[in-house]
Amino acid sequence: MLAAAVTVPAAAQGEGQTGAAAQSPRLTLKRIYGNPALAGPAPRALRLSPDGKWLTSLRNRADEKERYDLWAVDTATGAERMLIDSAKLGSGAALSEAEKMQRERARIADFKGIVSYDWSPDARSILVPLDGDLYLAGLDGGMRRLTDTATSELDGTVSPRGGFVSFVRDQNLFVHDLATGAERQLTKDGGGTLSWGVAEFVAQEEMDRRRGHWWSPDDSHVAVARVDESAVEVVTRAAIGADGTKVYEQRYPKAGTSNAKVDLYVMRADGSDAVKLDLDDDPDYYLARVDWAPDGKSLYIQWQNRAQTKLYLLKADIATRKIVPVIEEEAKTWLNLHEDFRALRDGSLIWASERDGYKHLYRWEKGNLTQLTKGPWVVQKLVGVDQAKRRLYYTANPDTPTEWQLYALDYAKPGAKPVKLTEAGFDNDAAMDRSASRFIVTRSNQGQPPQTYLADSNGKRLQWIEQNAVAGEHPYAPYMAAHVVPSYGTLKAEDGTTLHYELRTPRLEPGKRYPVILQVYGGPNGGRQVANVWEGGLPQYWVQQGWIVFSIDNRGTPDRGKAFEDHIYHHMGNVEVADQLKGVDWLKAQGFVDPKRIVVNGWSYGGYMVLKLLEKAPGVFAAGVSGAPVTRWELYDTHYTERYLGNPAKDAKPYQISDAIADAGKIRDPLLLIHGMSDDNVVFDNSTALMAKLQQEAIPFETMVYPGQGHRVAGPGISEHLYGTIEKFLARHVAE
């Protein structure tokens with residue numbers, strides 16, 4: 001049943017806007033995706049040095065927003081300077097296909113210059129990968145080149161005591177001794193389908209595990225993943241670019257097929273005494289996480305079964321090789337992985353679990369698990385632990401699911417009341433130094449582009465790193481007077497579940513009805529659309545063109561508890577579609593909405609949702625734009641797909657009812673299909689399968705494909721073309 005219609009606030013209606021708003025320049029797609037970045041400076045990878053004296057970040061250039069340089073701020077004086085100018089240092093060498101795909105899976109494929117870095121533990125230098133080679137940058141601006149080869153060095157890492165830099169070259173693990181400059185190859189048999197020291201495809205793409213080797217705290221040992229892909233099905237992937245087509249035989253573990261075999265070894269820093277750890281008799285498992293104990297005598301390993309219904313934290317003694325379970329998690333549906341494990345010096349552990357229905361923090365001590373946070377809300381992430389003060393810091397959403405706030409809690413006092421350290425009205429992210437003495441807080445809201453400041457452990461702001469005030473010469477300042485902040489509200493799903501929506505409208509004229517863009521994602525694992533965060537210039541552009549922009553977070557999306565997510569288990573494209581249509585029904589009941597001019601737009605899972613909506617409700621939408629959609633879940637990878645739909649080799653029915661191909665013949669509304677032609681995530685075969693089905697059914701559609709583009713279609717000129725294509729398509733099919 002629909003909730004009662006709500007009155008749209010004046011701010012959303014555009015009422016009360018000044019004459020300056022009416023006279024402010026109109027946004028264009030060229031300006032939105034041009035230089036300098038419309039949102040102002042956008043530093044990435046913000047980190048405090050291990051000693052807390054420096055705050056470093058990657059900053060993009062005003063004249064080339066895709067290129068990043070390394071900057072440092074003295075936290076005592078506030079003085080800042082560029083440490084590395086990527087344009088001066090870079091060689092321009094072509095990246096290996098392996099590094100290109102790593103960047104694609106990190107969604108930074110279109111970035112240039114410095115895209116990552118790693119502080120040395122002594123805080124004296126920074127490891128910087130650039131154009132396939134590794135450099136060591138000093139705080140005095142000096143540079144030391146560590147590698148100079150035709151092959152890309154992957155996953156460069158400084159060891160905890162700063163004695164070594166490890167990296168992967170030609171699928172083997174190497175170590176560079178920083179004292180002597182000597183290079184040693186630790187593994188010998190890498191090549192073909194065998195790799196050492198890197199994360200396999202599904203670990204990078206779906207498990208958020210980017211690494212495949214881990215140093216012990218004293219630099220004496222390294223744990224190394226050995227990845228054997230020989231059993232993984234070969235997919236011939238055509239990377240179709242403007243200058244030709246390259247064909248890659250990629251090992252891609254489609255749902256229901258064999259995964260890579262991943263074994264964990266421990267060896268000394270020189271590669272000797274390599275021993276495989278026997279984690280389980282079942283070879284079909286996932287190596288989810290690896291962490292060393294503070295004393296370096298044991299490893300903590302997170303083991304997940306293929307069905308993802310079990311997650312075990314194991315402890316492996318390095319001397320005896322004995323492995324014992326420490327914490328066991330089981331679920332009837334699936335278990336979400338997390339980054340919220342910390343092994344403390346006193347032998348206790350901090351852990352996150354959804355065992356009470358919501359993700360919360362726990363402390364394990366001497367076999368007992370004590371819950372530290374509790375309530376009908378979720379912890380987003382563990383930010384830091386101050387072991388001296390016995391405090392932990394985390395982000396969570398107890399007040400509203402549209403904002404993350406930062407909290408502190410005394411972990412030695414179960415039931416202690418948490419203290420909020422950030423300001424309501426902003427969505428916050430945070431990082432800490434090693435001793436948890438300071439924060440880097442990055443925040444934004446619908447009216448403020450991202451800001452970054454340095455704070456002490458009580459949340460007191462010490463200094464702005466990037467205040468990013470929209471005034472004066474700020475790129476967005478000319479457009480701010482016309483900026484429209486959305487309104488928020490709730491609806492009820494068919495089962496009574498509360499759903500949150502976001503509504504942004506142009507200035508409403510009495511008696512006039514407006515077209516609507518239903519912006520949809522709708523999927524699990526990072527799919528929230530309704531949040532009090534800066535959304536950039538594109539929604540403002542649509543509003544200035546006379547569109548209403550609307551989003552609703554359906555059941556199945558994250559951050560609302562496990563029961564809210566579990567609705568999609570073994571049946572994707574069901575309740576998500578029903579909830580989105582509830583939102584459409586609400587829109588149609590509003591006097592300012594033209595019910596005949598509602599369109600739906602989405603990318604990736606959102607592209608899949610567009611197809612399912614057009615199939616389920618022909619005639620409801622004036623048009624649909626489907627970008628990079630999954631159309632057959634059998635084509636997607638094991639870890640993501642089997643988490644929600646099970647193994648199709650054992651039960652194919654969830655796939656049959658969830659795929660978007662079988663009912664494609666029911667589509668009656670104008671459809672624009674878009675895909676990057678080098679997509680190795682949602683492979684192009686998904687769209688060609690849909691094209692073939694629509695052609696067989698004599699269903700007309702339009703398409704736009706992008707040579708050389710991966711799953712994220714973006715870049716200079718490309719973004720402008722993409723949204724210009726969408727705009728022209730809508731103009732043809734959504735007439736007044």
# chains A, B, ... in the order shown; residues from 1 in each chain; ligands from 1
>>> select_by_dssp(residues="stretch 355-482 of chain A", states="strand (DSSP E)", output="PyMOL selection string")
chain A and resi 360-365+368-371+379-386+391-396+405-410+419-420+427-432+438-445+448-456+461-466
>>> residues_around(residues="A:Asp659", least_positions_apart="2", cutoff="8 Å", atoms="only C-alpha atoms", output="count of residues only")
8
>>> closest_residue(among="A:Thr187, A:Ser435, A:Thr77, A:Thr725", to="A:Trp54", atoms="only C-alpha atoms")
A:Thr77
>>> residues_around(residues="A:Gly591", least_positions_apart="4", cutoff="10 Å", atoms="only C-alpha atoms", output="ChimeraX atom specification")
/A:510-514,587,595
>>> residues_around(residues="A:Gly52", least_positions_apart="3", cutoff="9 Å", atoms="only C-alpha atoms", output="list in words")
Leu48, Ser49, Leu55, Thr75, Ala123, Met432, Asp433, Arg434, Ser435, Ser437 and Arg438 of chain A
>>> write_last_selection(atoms="all heavy atoms", output="PDB file, in the first residue's frame")
ATOM      1  N   LEU A  48      47.248   9.505   6.419  1.00  0.00           N
ATOM      2  CA  LEU A  48      48.201  10.069   7.363  1.00  0.00           C
ATOM      3  C   LEU A  48      49.437   9.186   7.380  1.00  0.00           C
ATOM      4  O   LEU A  48      49.341   7.953   7.337  1.00  0.00           O
ATOM      5  CB  LEU A  48      47.586  10.144   8.759  1.00  0.00           C
ATOM      6  CG  LEU A  48      46.572  11.276   8.971  1.00  0.00           C
ATOM      7  CD1 LEU A  48      45.742  11.014  10.215  1.00  0.00           C
ATOM      8  CD2 LEU A  48      47.294  12.617   9.076  1.00  0.00           C
ATOM      9  N   SER A  49      50.599   9.801   7.448  1.00  0.00           N
ATOM     10  CA  SER A  49      51.827   9.026   7.565  1.00  0.00           C
ATOM     11  C   SER A  49      51.796   8.232   8.863  1.00  0.00           C
ATOM     12  O   SER A  49      51.078   8.583   9.804  1.00  0.00           O
ATOM     13  CB  SER A  49      53.043   9.953   7.537  1.00  0.00           C
ATOM     14  OG  SER A  49      52.987  10.872   8.618  1.00  0.00           O
ATOM     15  N   LEU A  55      50.060  14.479   5.934  1.00  0.00           N
ATOM     16  CA  LEU A  55      48.836  14.013   5.295  1.00  0.00           C
ATOM     17  C   LEU A  55      49.074  14.053   3.789  1.00  0.00           C
ATOM     18  O   LEU A  55      49.376  15.120   3.236  1.00  0.00           O
ATOM     19  CB  LEU A  55      47.652  14.905   5.665  1.00  0.00           C
ATOM     20  CG  LEU A  55      46.269  14.428   5.219  1.00  0.00           C
ATOM     21  CD1 LEU A  55      45.191  14.998   6.131  1.00  0.00           C
ATOM     22  CD2 LEU A  55      45.959  14.826   3.775  1.00  0.00           C
ATOM     23  N   THR A  75      51.129  18.410   8.928  1.00  0.00           N
ATOM     24  CA  THR A  75      49.994  18.530   9.847  1.00  0.00           C
ATOM     25  C   THR A  75      50.265  19.495  11.000  1.00  0.00           C
ATOM     26  O   THR A  75      49.333  19.915  11.681  1.00  0.00           O
ATOM     27  CB  THR A  75      49.602  17.152  10.419  1.00  0.00           C
ATOM     28  OG1 THR A  75      50.721  16.581  11.111  1.00  0.00           O
ATOM     29  CG2 THR A  75      49.139  16.214   9.318  1.00  0.00           C
ATOM     30  N   ALA A 123      57.904   6.230   7.872  1.00  0.00           N
ATOM     31  CA  ALA A 123      57.367   7.535   7.469  1.00  0.00           C
ATOM     32  C   ALA A 123      58.413   8.425   6.795  1.00  0.00           C
ATOM     33  O   ALA A 123      58.241   9.646   6.733  1.00  0.00           O
ATOM     34  CB  ALA A 123      56.756   8.268   8.670  1.00  0.00           C
ATOM     35  N   MET A 432      42.352   7.037   9.734  1.00  0.00           N
ATOM     36  CA  MET A 432      43.174   7.400  10.892  1.00  0.00           C
ATOM     37  C   MET A 432      44.624   7.003  10.671  1.00  0.00           C
ATOM     38  O   MET A 432      44.942   6.190   9.784  1.00  0.00           O
ATOM     39  CB  MET A 432      42.660   6.698  12.156  1.00  0.00           C
ATOM     40  CG  MET A 432      41.248   7.041  12.540  1.00  0.00           C
ATOM     41  SD  MET A 432      40.815   6.491  14.221  1.00  0.00           S
ATOM     42  CE  MET A 432      41.499   7.839  15.210  1.00  0.00           C
ATOM     43  N   ASP A 433      45.495   7.576  11.477  1.00  0.00           N
ATOM     44  CA  ASP A 433      46.877   7.139  11.480  1.00  0.00           C
ATOM     45  C   ASP A 433      46.998   5.840  12.286  1.00  0.00           C
ATOM     46  O   ASP A 433      46.027   5.359  12.867  1.00  0.00           O
ATOM     47  CB  ASP A 433      47.794   8.225  12.039  1.00  0.00           C
ATOM     48  CG  ASP A 433      47.458   8.598  13.478  1.00  0.00           C
ATOM     49  OD1 ASP A 433      46.420   8.152  13.991  1.00  0.00           O
ATOM     50  OD2 ASP A 433      48.246   9.339  14.101  1.00  0.00           O
ATOM     51  N   ARG A 434      48.197   5.276  12.306  1.00  0.00           N
ATOM     52  CA  ARG A 434      48.404   3.954  12.910  1.00  0.00           C
ATOM     53  C   ARG A 434      48.066   3.934  14.397  1.00  0.00           C
ATOM     54  O   ARG A 434      47.516   2.958  14.914  1.00  0.00           O
ATOM     55  CB  ARG A 434      49.854   3.521  12.688  1.00  0.00           C
ATOM     56  CG  ARG A 434      50.160   2.106  13.133  1.00  0.00           C
ATOM     57  CD  ARG A 434      51.505   1.663  12.573  1.00  0.00           C
ATOM     58  NE  ARG A 434      52.575   2.599  12.898  1.00  0.00           N
ATOM     59  CZ  ARG A 434      53.775   2.579  12.328  1.00  0.00           C
ATOM     60  NH1 ARG A 434      54.022   1.705  11.373  1.00  0.00           N
ATOM     61  NH2 ARG A 434      54.710   3.438  12.686  1.00  0.00           N
ATOM     62  N   SER A 435      48.351   5.019  15.112  1.00  0.00           N
ATOM     63  CA  SER A 435      48.094   5.051  16.551  1.00  0.00           C
ATOM     64  C   SER A 435      46.699   5.563  16.893  1.00  0.00           C
ATOM     65  O   SER A 435      46.361   5.692  18.072  1.00  0.00           O
ATOM     66  CB  SER A 435      49.139   5.935  17.250  1.00  0.00           C
ATOM     67  OG  SER A 435      49.059   7.266  16.770  1.00  0.00           O
ATOM     68  N   SER A 437      45.411   8.542  16.565  1.00  0.00           N
ATOM     69  CA  SER A 437      45.455   9.818  17.281  1.00  0.00           C
ATOM     70  C   SER A 437      44.777  10.934  16.506  1.00  0.00           C
ATOM     71  O   SER A 437      44.392  11.948  17.087  1.00  0.00           O
ATOM     72  CB  SER A 437      46.905  10.220  17.563  1.00  0.00           C
ATOM     73  OG  SER A 437      47.601  10.476  16.358  1.00  0.00           O
ATOM     74  N   ARG A 438      44.634  10.763  15.178  1.00  0.00           N
ATOM     75  CA  ARG A 438      44.045  11.802  14.348  1.00  0.00           C
ATOM     76  C   ARG A 438      43.182  11.176  13.255  1.00  0.00           C
ATOM     77  O   ARG A 438      43.393  10.035  12.855  1.00  0.00           O
ATOM     78  CB  ARG A 438      45.136  12.666  13.705  1.00  0.00           C
ATOM     79  CG  ARG A 438      45.938  13.474  14.713  1.00  0.00           C
ATOM     80  CD  ARG A 438      46.947  14.353  14.006  1.00  0.00           C
ATOM     81  NE  ARG A 438      47.725  15.148  14.963  1.00  0.00           N
ATOM     82  CZ  ARG A 438      48.622  16.046  14.610  1.00  0.00           C
ATOM     83  NH1 ARG A 438      48.859  16.288  13.334  1.00  0.00           N
ATOM     84  NH2 ARG A 438      49.286  16.723  15.520  1.00  0.00           N
TER      85      ARG A 438
END
>>> residues_around(residues="A:Val158", least_positions_apart="4", cutoff="9 Å", atoms="only C-alpha atoms", output="ChimeraX atom specification")
/A:118-121,126-127,162-166,215
>>> closest_residue(among="A:Asp669, A:Asp594, A:Glu183, A:Asp263", to="A:Leu611", atoms="only C-alpha atoms")
A:Asp669
>>> atom_distance(atom1="atom CA of A:Pro707", atom2="atom CA of A:Val234")
22.4 Å
>>> residues_around(residues="A:Pro539", least_positions_apart="2", cutoff="12 Å", atoms="only C-alpha atoms", output="compact mmCIF listing (two decimals) with all heavy atoms, in the first residue's frame")
# COMPACT_ATOMS: atom_id res chain seq x y z
N LEU A 27 23.99 25.07 -16.82
CA LEU A 27 25.00 24.03 -16.98
C LEU A 27 24.91 23.40 -18.37
O LEU A 27 23.82 23.31 -18.95
CB LEU A 27 24.80 22.94 -15.92
CG LEU A 27 25.24 23.28 -14.50
CD1 LEU A 27 24.63 22.30 -13.51
CD2 LEU A 27 26.76 23.26 -14.40
N THR A 28 26.04 22.97 -18.87
CA THR A 28 26.09 22.21 -20.11
C THR A 28 26.86 20.92 -19.85
O THR A 28 27.65 20.82 -18.90
CB THR A 28 26.80 23.00 -21.23
OG1 THR A 28 28.19 23.19 -20.84
CG2 THR A 28 26.15 24.34 -21.46
N LEU A 29 26.62 19.93 -20.68
CA LEU A 29 27.36 18.68 -20.54
C LEU A 29 28.85 18.91 -20.74
O LEU A 29 29.69 18.29 -20.07
CB LEU A 29 26.84 17.64 -21.52
CG LEU A 29 25.41 17.15 -21.27
CD1 LEU A 29 24.95 16.22 -22.39
CD2 LEU A 29 25.30 16.44 -19.92
N ILE A 32 30.12 20.26 -17.45
CA ILE A 32 30.07 19.27 -16.37
C ILE A 32 31.25 18.32 -16.45
O ILE A 32 31.86 17.97 -15.43
CB ILE A 32 28.74 18.48 -16.43
CG1 ILE A 32 27.57 19.40 -16.03
CG2 ILE A 32 28.78 17.27 -15.50
CD1 ILE A 32 26.21 18.78 -16.27
N GLN A 446 24.13 17.29 -0.10
CA GLN A 446 23.54 17.62 -1.39
C GLN A 446 23.81 19.05 -1.82
O GLN A 446 23.66 19.39 -3.00
CB GLN A 446 22.03 17.37 -1.34
CG GLN A 446 21.64 15.90 -1.28
CD GLN A 446 21.76 15.20 -2.62
OE1 GLN A 446 22.16 15.79 -3.62
NE2 GLN A 446 21.42 13.92 -2.64
N HIS A 483 21.23 26.03 -7.73
CA HIS A 483 21.36 24.64 -7.27
C HIS A 483 20.10 24.20 -6.53
O HIS A 483 19.56 24.91 -5.69
CB HIS A 483 22.57 24.52 -6.34
CG HIS A 483 22.87 23.13 -5.91
ND1 HIS A 483 23.59 22.24 -6.66
CD2 HIS A 483 22.52 22.45 -4.77
CE1 HIS A 483 23.69 21.10 -6.02
NE2 HIS A 483 23.04 21.19 -4.87
N VAL A 484 19.62 23.00 -6.84
CA VAL A 484 18.41 22.46 -6.24
C VAL A 484 18.77 21.29 -5.33
O VAL A 484 19.36 20.30 -5.77
CB VAL A 484 17.41 21.99 -7.31
CG1 VAL A 484 16.18 21.35 -6.67
CG2 VAL A 484 16.99 23.17 -8.17
N VAL A 485 18.44 21.42 -4.05
CA VAL A 485 18.64 20.35 -3.08
C VAL A 485 17.39 19.47 -3.07
O VAL A 485 16.27 19.98 -3.04
CB VAL A 485 18.90 20.94 -1.68
CG1 VAL A 485 18.96 19.83 -0.63
CG2 VAL A 485 20.19 21.75 -1.68
N PRO A 486 17.56 18.15 -3.08
CA PRO A 486 16.37 17.29 -3.13
C PRO A 486 15.64 17.22 -1.79
O PRO A 486 16.19 17.53 -0.74
CB PRO A 486 16.95 15.92 -3.49
CG PRO A 486 18.33 15.94 -2.93
CD PRO A 486 18.80 17.36 -3.11
N GLU A 502 14.25 9.91 -2.88
CA GLU A 502 14.88 11.22 -3.07
C GLU A 502 14.24 11.87 -4.29
O GLU A 502 14.12 11.24 -5.35
CB GLU A 502 16.38 11.03 -3.27
CG GLU A 502 17.18 12.27 -3.59
CD GLU A 502 18.65 11.93 -3.81
OE1 GLU A 502 19.26 11.32 -2.91
OE2 GLU A 502 19.18 12.25 -4.89
N LEU A 503 13.82 13.14 -4.15
CA LEU A 503 13.10 13.84 -5.21
C LEU A 503 13.72 15.21 -5.45
O LEU A 503 13.89 15.99 -4.53
CB LEU A 503 11.63 14.00 -4.83
CG LEU A 503 10.72 14.75 -5.82
CD1 LEU A 503 10.42 13.86 -7.02
CD2 LEU A 503 9.43 15.16 -5.13
N ARG A 504 14.05 15.47 -6.71
CA ARG A 504 14.61 16.77 -7.08
C ARG A 504 13.78 17.32 -8.24
O ARG A 504 13.59 16.63 -9.25
CB ARG A 504 16.08 16.59 -7.49
CG ARG A 504 16.83 17.86 -7.77
CD ARG A 504 18.25 17.55 -8.23
NE ARG A 504 19.18 17.37 -7.13
CZ ARG A 504 19.68 16.20 -6.74
NH1 ARG A 504 19.30 15.09 -7.35
NH2 ARG A 504 20.54 16.13 -5.75
N THR A 505 13.25 18.54 -8.10
CA THR A 505 12.39 19.09 -9.13
C THR A 505 12.87 20.46 -9.58
O THR A 505 13.55 21.18 -8.84
CB THR A 505 10.94 19.26 -8.64
OG1 THR A 505 10.84 20.45 -7.86
CG2 THR A 505 10.48 18.06 -7.83
N PRO A 506 12.48 20.86 -10.81
CA PRO A 506 12.69 22.26 -11.21
C PRO A 506 11.67 23.15 -10.51
O PRO A 506 10.83 22.65 -9.74
CB PRO A 506 12.44 22.22 -12.72
CG PRO A 506 11.51 21.07 -12.93
CD PRO A 506 11.85 20.05 -11.86
N VAL A 516 9.73 12.91 -15.77
CA VAL A 516 10.52 12.37 -14.66
C VAL A 516 11.57 11.40 -15.18
O VAL A 516 11.28 10.56 -16.04
CB VAL A 516 9.63 11.64 -13.64
CG1 VAL A 516 10.47 11.07 -12.50
CG2 VAL A 516 8.54 12.55 -13.10
N ILE A 517 12.78 11.51 -14.65
CA ILE A 517 13.81 10.48 -14.83
C ILE A 517 13.85 9.67 -13.54
O ILE A 517 14.20 10.20 -12.48
CB ILE A 517 15.19 11.09 -15.11
CG1 ILE A 517 15.19 11.82 -16.45
CG2 ILE A 517 16.25 9.99 -15.11
CD1 ILE A 517 16.50 12.54 -16.76
N LEU A 518 13.47 8.41 -13.63
CA LEU A 518 13.64 7.48 -12.52
C LEU A 518 15.05 6.93 -12.62
O LEU A 518 15.36 6.13 -13.50
CB LEU A 518 12.61 6.35 -12.60
CG LEU A 518 12.78 5.18 -11.61
CD1 LEU A 518 12.67 5.66 -10.18
CD2 LEU A 518 11.78 4.07 -11.91
N GLN A 519 15.94 7.39 -11.74
CA GLN A 519 17.33 6.95 -11.73
C GLN A 519 17.44 5.74 -10.83
O GLN A 519 17.17 5.82 -9.63
CB GLN A 519 18.25 8.07 -11.24
CG GLN A 519 19.73 7.76 -11.34
CD GLN A 519 20.19 7.58 -12.77
OE1 GLN A 519 19.83 8.34 -13.66
NE2 GLN A 519 20.98 6.55 -13.00
N TRP A 534 27.06 14.73 -2.11
CA TRP A 534 27.16 15.54 -3.32
C TRP A 534 27.03 14.63 -4.53
O TRP A 534 27.75 13.64 -4.66
CB TRP A 534 28.50 16.27 -3.34
CG TRP A 534 28.71 17.12 -4.55
CD1 TRP A 534 29.50 16.84 -5.63
CD2 TRP A 534 28.12 18.40 -4.81
NE1 TRP A 534 29.44 17.86 -6.54
CE2 TRP A 534 28.60 18.83 -6.07
CE3 TRP A 534 27.24 19.21 -4.10
CZ2 TRP A 534 28.23 20.05 -6.63
CZ3 TRP A 534 26.87 20.43 -4.65
CH2 TRP A 534 27.36 20.84 -5.90
N GLU A 535 26.12 14.95 -5.44
CA GLU A 535 25.87 14.10 -6.60
C GLU A 535 26.37 14.71 -7.90
O GLU A 535 26.14 14.15 -8.98
CB GLU A 535 24.38 13.79 -6.70
CG GLU A 535 23.87 12.95 -5.54
CD GLU A 535 22.43 12.50 -5.72
OE1 GLU A 535 21.99 12.33 -6.88
OE2 GLU A 535 21.74 12.33 -4.71
N GLY A 536 27.04 15.84 -7.82
CA GLY A 536 27.63 16.41 -9.02
C GLY A 536 26.66 17.23 -9.85
O GLY A 536 25.52 17.49 -9.46
N GLY A 537 27.10 17.60 -11.04
CA GLY A 537 26.33 18.50 -11.87
C GLY A 537 25.25 17.86 -12.70
O GLY A 537 24.32 18.54 -13.14
N TYR A 541 21.76 19.40 -14.10
CA TYR A 541 21.56 19.61 -15.54
C TYR A 541 20.17 19.14 -15.96
O TYR A 541 19.45 19.86 -16.67
CB TYR A 541 22.64 18.88 -16.33
CG TYR A 541 22.46 18.96 -17.83
CD1 TYR A 541 22.83 20.12 -18.52
CD2 TYR A 541 21.91 17.91 -18.54
CE1 TYR A 541 22.66 20.21 -19.90
CE2 TYR A 541 21.74 17.99 -19.92
CZ TYR A 541 22.11 19.14 -20.59
OH TYR A 541 21.93 19.24 -21.95
N TRP A 542 19.79 17.94 -15.52
CA TRP A 542 18.47 17.42 -15.90
C TRP A 542 17.37 18.33 -15.37
O TRP A 542 16.38 18.60 -16.06
CB TRP A 542 18.28 16.00 -15.38
CG TRP A 542 19.14 14.95 -16.01
CD1 TRP A 542 19.98 14.09 -15.36
CD2 TRP A 542 19.26 14.64 -17.40
NE1 TRP A 542 20.62 13.26 -16.25
CE2 TRP A 542 20.19 13.57 -17.52
CE3 TRP A 542 18.67 15.15 -18.55
CZ2 TRP A 542 20.54 13.01 -18.75
CZ3 TRP A 542 19.02 14.59 -19.79
CH2 TRP A 542 19.94 13.54 -19.88
N VAL A 543 17.52 18.80 -14.13
CA VAL A 543 16.51 19.69 -13.56
C VAL A 543 16.42 20.99 -14.37
O VAL A 543 15.32 21.49 -14.65
CB VAL A 543 16.83 19.98 -12.07
CG1 VAL A 543 15.98 21.13 -11.54
CG2 VAL A 543 16.61 18.74 -11.23
N GLN A 544 17.56 21.52 -14.77
CA GLN A 544 17.54 22.75 -15.56
C GLN A 544 16.90 22.54 -16.93
O GLN A 544 16.39 23.50 -17.53
CB GLN A 544 18.97 23.29 -15.72
CG GLN A 544 19.55 23.87 -14.45
CD GLN A 544 20.93 24.46 -14.63
OE1 GLN A 544 21.40 24.63 -15.75
NE2 GLN A 544 21.58 24.78 -13.52
N GLN A 545 16.93 21.31 -17.41
CA GLN A 545 16.27 20.99 -18.67
C GLN A 545 14.78 20.72 -18.49
O GLN A 545 14.08 20.38 -19.46
CB GLN A 545 16.93 19.77 -19.33
CG GLN A 545 18.42 19.92 -19.59
CD GLN A 545 18.74 21.15 -20.42
OE1 GLN A 545 18.16 21.37 -21.48
NE2 GLN A 545 19.67 21.95 -19.93
N GLY A 546 14.30 20.84 -17.25
CA GLY A 546 12.88 20.68 -16.99
C GLY A 546 12.45 19.31 -16.50
O GLY A 546 11.26 19.02 -16.41
N TRP A 547 13.41 18.46 -16.12
CA TRP A 547 13.11 17.12 -15.64
C TRP A 547 13.00 17.09 -14.12
O TRP A 547 13.72 17.80 -13.42
CB TRP A 547 14.21 16.14 -16.05
CG TRP A 547 14.27 15.81 -17.51
CD1 TRP A 547 15.00 16.46 -18.46
CD2 TRP A 547 13.59 14.75 -18.17
NE1 TRP A 547 14.82 15.86 -19.69
CE2 TRP A 547 13.95 14.81 -19.53
CE3 TRP A 547 12.71 13.75 -17.76
CZ2 TRP A 547 13.47 13.91 -20.48
CZ3 TRP A 547 12.23 12.85 -18.70
CH2 TRP A 547 12.60 12.93 -20.04
N ILE A 548 12.16 16.23 -13.61
CA ILE A 548 12.19 15.81 -12.22
C ILE A 548 13.10 14.59 -12.15
O ILE A 548 13.04 13.72 -13.02
CB ILE A 548 10.78 15.46 -11.72
CG1 ILE A 548 9.90 16.72 -11.64
CG2 ILE A 548 10.83 14.77 -10.36
CD1 ILE A 548 8.45 16.42 -11.38
N VAL A 549 13.95 14.52 -11.14
CA VAL A 549 14.83 13.36 -10.95
C VAL A 549 14.43 12.67 -9.65
O VAL A 549 14.40 13.31 -8.59
CB VAL A 549 16.32 13.78 -10.92
CG1 VAL A 549 17.21 12.55 -10.77
CG2 VAL A 549 16.68 14.56 -12.19
N PHE A 550 14.17 11.37 -9.73
CA PHE A 550 13.62 10.61 -8.61
C PHE A 550 14.37 9.30 -8.45
O PHE A 550 14.69 8.63 -9.44
CB PHE A 550 12.13 10.33 -8.87
CG PHE A 550 11.44 9.53 -7.80
CD1 PHE A 550 10.94 10.13 -6.65
CD2 PHE A 550 11.26 8.15 -7.94
CE1 PHE A 550 10.28 9.39 -5.67
CE2 PHE A 550 10.61 7.41 -6.97
CZ PHE A 550 10.12 8.03 -5.83
N SER A 551 14.67 8.93 -7.21
CA SER A 551 15.28 7.63 -6.91
C SER A 551 14.64 7.05 -5.67
O SER A 551 14.25 7.79 -4.76
CB SER A 551 16.79 7.76 -6.68
OG SER A 551 17.47 8.08 -7.87
N TYR A 723 26.23 11.18 -22.35
CA TYR A 723 25.01 11.79 -21.85
C TYR A 723 24.31 12.64 -22.92
O TYR A 723 23.09 12.83 -22.87
CB TYR A 723 25.30 12.59 -20.58
CG TYR A 723 25.60 11.65 -19.44
CD1 TYR A 723 26.90 11.42 -19.02
CD2 TYR A 723 24.58 10.93 -18.83
CE1 TYR A 723 27.18 10.52 -18.01
CE2 TYR A 723 24.84 10.03 -17.82
CZ TYR A 723 26.14 9.82 -17.41
OH TYR A 723 26.41 8.91 -16.42
>>> select_by_dssp(residues="stretch 152-224 of chain A", states="alpha helix (DSSP H)", output="ChimeraX atom specification")
/A:201-205
>>> closest_residue(among="A:Asp278, A:Arg81, A:Ala714, A:Ala42", to="A:Ala62", atoms="only C-alpha atoms")
A:Ala42
>>> atom_distance(atom1="atom CA of A:Tyr453", atom2="atom CA of A:Leu46")
10.6 Å
>>> closest_residue(among="A:Val262, A:Thr245, A:Thr151, A:Pro376", to="A:Leu194", atoms="only C-alpha atoms")
A:Val262
>>> residues_around(residues="A:Val275", least_positions_apart="4", cutoff="8 Å", atoms="only C-alpha atoms", output="ChimeraX atom specification")
/A:265-267
>>> write_last_selection(atoms="C-alpha atoms", output="CSV table (one decimal), in the first residue's frame")
chain,number,residue,atom,x,y,z
A,265,TYR,CA,52.0,-20.4,1.5
A,266,VAL,CA,54.3,-18.9,4.2
A,267,MET,CA,58.0,-18.4,3.4
